[in-house]
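A.B. asks: This structure is in structure tokens; I'll ask about it shortly.
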Amino acid sequence: MEATSVNQVLDRAEVLCQGRGVRLTAQRRRVLSILCASPRPLGAYEILDAMRDGSRALAPPTVYRALDFLLEQGLVHKLESLHAFVGCNHPEHPHSSQFLICNACGEVTEIEDEAIARSLRTAARETGFRAQRRVVEVIGTCAGCAEKGR
């Protein structure tokens, strides 16, 4: 993501947090910035490495607390299959996202298809299943990699 886009995401996150009465602290903002600037999903330890500036040691709980906050506010998503995180494309409202994950280049595309979400809710209800989280991840090959023959 370009620097302008990252700044726009951070500004939007700041406004959303203020409207919700929560604080986007410097640490939380930094974690969100790192995720949004990354071309691929990042694990907590990769985020921690990116945050280290050599002058001080950061502990993993610092990143995990920031990620917990960002998840609660809907500003990031956790990709369960990758044990990694990505920024959310539409944090303004709660939603069930689906993710298309390229296993060749690592690109992740977030989609929000209500028909898929509705189908899952219906299937869960009909079987008596109580979903706690609805994370749909489709692993495959993106158009760019398919063209390159990867």
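By convention here, the chains of the structure tokens are called A, B, ... in the order presented, each chain's residues are numbered starting at 1, and ligands are numbered starting at 1 in the order presented.
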Skipping near chain neighbours, those fewer than 4 positions away, what residues fall within 12 Å of Arg30 of chain A using only C-alpha atoms, listed as a list of chain:residue names?

C.D. replies: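 In the requested format, the answer is A:Val6, A:Asn7, A:Val9, A:Leu10, A:Ala13, A:Leu24, A:Thr25, A:Ala26, A:Ile34, A:Leu35, A:Cys36, A:Ala37, A:Ile47, A:Leu48, A:Ala50, A:Met51, A:Arg52, A:Thr62, A:Val63, A:Ala66, A:Leu67, A:Leu70.
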
A.B. asks: With N, CA and C atoms retained, export the selected residues as an mmCIF file, in the first residue's frame.

C.D. replies:
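So the final result, stored in again_24.cif, reads:
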data_model
loop_
_atom_site.group_PDB
_atom_site.id
_atom_site.type_symbol
_atom_site.label_atom_id
_atom_site.label_comp_id
_atom_site.auth_asym_id
_atom_site.auth_seq_id
_atom_site.Cartn_x
_atom_site.Cartn_y
_atom_site.Cartn_z
ATOM 1 N N VAL A 6 -1.747 4.415 3.287
ATOM 2 C CA VAL A 6 -1.540 4.019 4.681
ATOM 3 C C VAL A 6 -1.956 5.162 5.600
ATOM 4 N N ASN A 7 -1.565 6.381 5.260
ATOM 5 C CA ASN A 7 -1.950 7.535 6.077
ATOM 6 C C ASN A 7 -3.460 7.724 6.102
ATOM 7 N N VAL A 9 -5.693 5.313 5.809
ATOM 8 C CA VAL A 9 -6.217 4.249 6.669
ATOM 9 C C VAL A 9 -6.024 4.622 8.133
ATOM 10 N N LEU A 10 -4.855 5.139 8.464
ATOM 11 C CA LEU A 10 -4.574 5.521 9.848
ATOM 12 C C LEU A 10 -5.465 6.668 10.293
ATOM 13 N N ALA A 13 -8.889 5.237 10.855
ATOM 14 C CA ALA A 13 -8.891 4.466 12.103
ATOM 15 C C ALA A 13 -8.968 5.394 13.309
ATOM 16 N N LEU A 24 -6.604 5.131 19.936
ATOM 17 C CA LEU A 24 -5.634 4.518 19.034
ATOM 18 C C LEU A 24 -4.269 5.056 19.468
ATOM 19 N N THR A 25 -3.658 4.345 20.421
ATOM 20 C CA THR A 25 -2.378 4.797 20.980
ATOM 21 C C THR A 25 -1.290 4.724 19.913
ATOM 22 N N ALA A 26 -0.148 5.283 20.237
ATOM 23 C CA ALA A 26 0.984 5.272 19.304
ATOM 24 C C ALA A 26 1.389 3.840 18.952
ATOM 25 N N ILE A 34 2.205 -0.824 10.170
ATOM 26 C CA ILE A 34 3.065 -1.901 9.666
ATOM 27 C C ILE A 34 2.233 -2.892 8.861
ATOM 28 N N LEU A 35 1.070 -3.255 9.382
ATOM 29 C CA LEU A 35 0.209 -4.200 8.660
ATOM 30 C C LEU A 35 -0.270 -3.629 7.329
ATOM 31 N N CYS A 36 -0.671 -2.373 7.343
ATOM 32 C CA CYS A 36 -1.199 -1.757 6.123
ATOM 33 C C CYS A 36 -0.114 -1.525 5.078
ATOM 34 N N ALA A 37 1.113 -1.319 5.510
ATOM 35 C CA ALA A 37 2.208 -1.079 4.578
ATOM 36 C C ALA A 37 2.773 -2.373 3.992
ATOM 37 N N ILE A 47 5.685 -8.523 12.997
ATOM 38 C CA ILE A 47 5.323 -7.153 13.382
ATOM 39 C C ILE A 47 6.285 -6.653 14.449
ATOM 40 N N LEU A 48 6.573 -7.499 15.427
ATOM 41 C CA LEU A 48 7.501 -7.136 16.496
ATOM 42 C C LEU A 48 8.870 -6.771 15.928
ATOM 43 N N ALA A 50 9.516 -5.626 12.972
ATOM 44 C CA ALA A 50 9.388 -4.358 12.247
ATOM 45 C C ALA A 50 9.318 -3.166 13.209
ATOM 46 N N MET A 51 8.840 -3.393 14.418
ATOM 47 C CA MET A 51 8.714 -2.312 15.403
ATOM 48 C C MET A 51 10.028 -1.999 16.108
ATOM 49 N N ARG A 52 10.922 -2.949 16.134
ATOM 50 C CA ARG A 52 12.184 -2.748 16.861
ATOM 51 C C ARG A 52 13.023 -1.711 16.141
ATOM 52 N N THR A 62 3.421 -6.681 23.941
ATOM 53 C CA THR A 62 3.145 -5.357 23.385
ATOM 54 C C THR A 62 2.378 -5.478 22.074
ATOM 55 N N VAL A 63 2.854 -6.356 21.202
ATOM 56 C CA VAL A 63 2.213 -6.547 19.899
ATOM 57 C C VAL A 63 0.873 -7.251 20.068
ATOM 58 N N ALA A 66 -1.804 -4.875 21.260
ATOM 59 C CA ALA A 66 -2.212 -3.982 20.165
ATOM 60 C C ALA A 66 -3.081 -4.734 19.163
ATOM 61 N N LEU A 67 -2.699 -5.955 18.815
ATOM 62 C CA LEU A 67 -3.492 -6.746 17.869
ATOM 63 C C LEU A 67 -4.875 -7.061 18.432
ATOM 64 N N LEU A 70 -6.923 -3.938 17.978
ATOM 65 C CA LEU A 70 -7.245 -3.722 16.565
ATOM 66 C C LEU A 70 -8.279 -4.725 16.064
#

A.B. asks: Which parts of segment 3-113 of chain A does DSSP call strand (DSSP E) when run on the backbone here, written out as a PyMOL selection string?

C.D. replies: chain A and resi 76-79+84-87+98-102+108-111

A.B. asks: For His90 of chain A, which residue out of A:Ala117, A:Ala131, A:Leu75, A:Ala104 is the nearest one, using only C-alpha atoms?

C.D. replies: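 So, comparing all the options, the nearest one is A:Leu75.
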
A.B. asks: Here is a test: counting only C-alpha atoms, which residue of A:Tyr64, A:Phe85, A:Phe69, A:Phe99 is nearest to Arg40 of chain A?

C.D. replies: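 Smallest distance to Arg40 of chain A is found for A:Phe85.
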
A.B. asks: Between A:Gln98, A:Ile139, A:Leu71, A:Leu58, which is the closest to Leu120 of chain A once you count only C-alpha atoms?

C.D. replies: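 Closest to Leu120 of chain A of all the choices is A:Gln98.
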
A.B. asks: Can you pull out every residue within 12 Å of His93 of chain A, counting only C-alpha atoms, but drop anything in the same chain fewer than 4 positions away, and send it as a list in words?

C.D. replies: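 Returned residues: Leu16, Arg20, Glu72, Gln73, Gly74, Leu75, Cys88, Asn89, Ser97 and Glu112 of chain A.
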
A.B. asks: Report as JSON, numbers by chain all protein, DNA and RNA residues lying within 12 Å of Glu107 of chain A, evaluated on only C-alpha atoms, omitting residues in the same chain fewer than 3 positions from it.

C.D. replies: {"A": [38, 39, 40, 41, 42, 82, 86, 99, 100, 101, 102, 103, 104, 110, 138, 139, 140, 141, 142, 143, 144, 145]}

A.B. asks: Could you tell me how far atom CA of Glu137 of chain A lies from atom CA of Arg118 of chain A, in Å and to one decimal?

C.D. replies: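 Going from atom CA of Glu137 of chain A over to atom CA of Arg118 of chain A, I get 16.0 Å.
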
A.B. asks: Using atom CA of Ala84 of chain A and atom CA of Asp53 of chain A as the two end points, give the distance in Å to one decimal.

C.D. replies: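 Rounded to one decimal, the two atoms are 21.8 Å apart.
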
A.B. asks: For Asp113 of chain A, which residue out of A:Ser96, A:Glu46, A:Glu147, A:Asp68 is the nearest one, using only C-alpha atoms?

C.D. replies: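 Among the listed residues, A:Ser96 lies closest to Asp113 of chain A.
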
A.B. asks: Within chain A, find each residue whose DSSP state, derived from the backbone, is alpha helix (DSSP H), and express the selection as a VMD selection string.

C.D. replies: chain A and resid 3 to 20 26 to 37 44 to 51 60 to 72 114 to 127 143 to 148
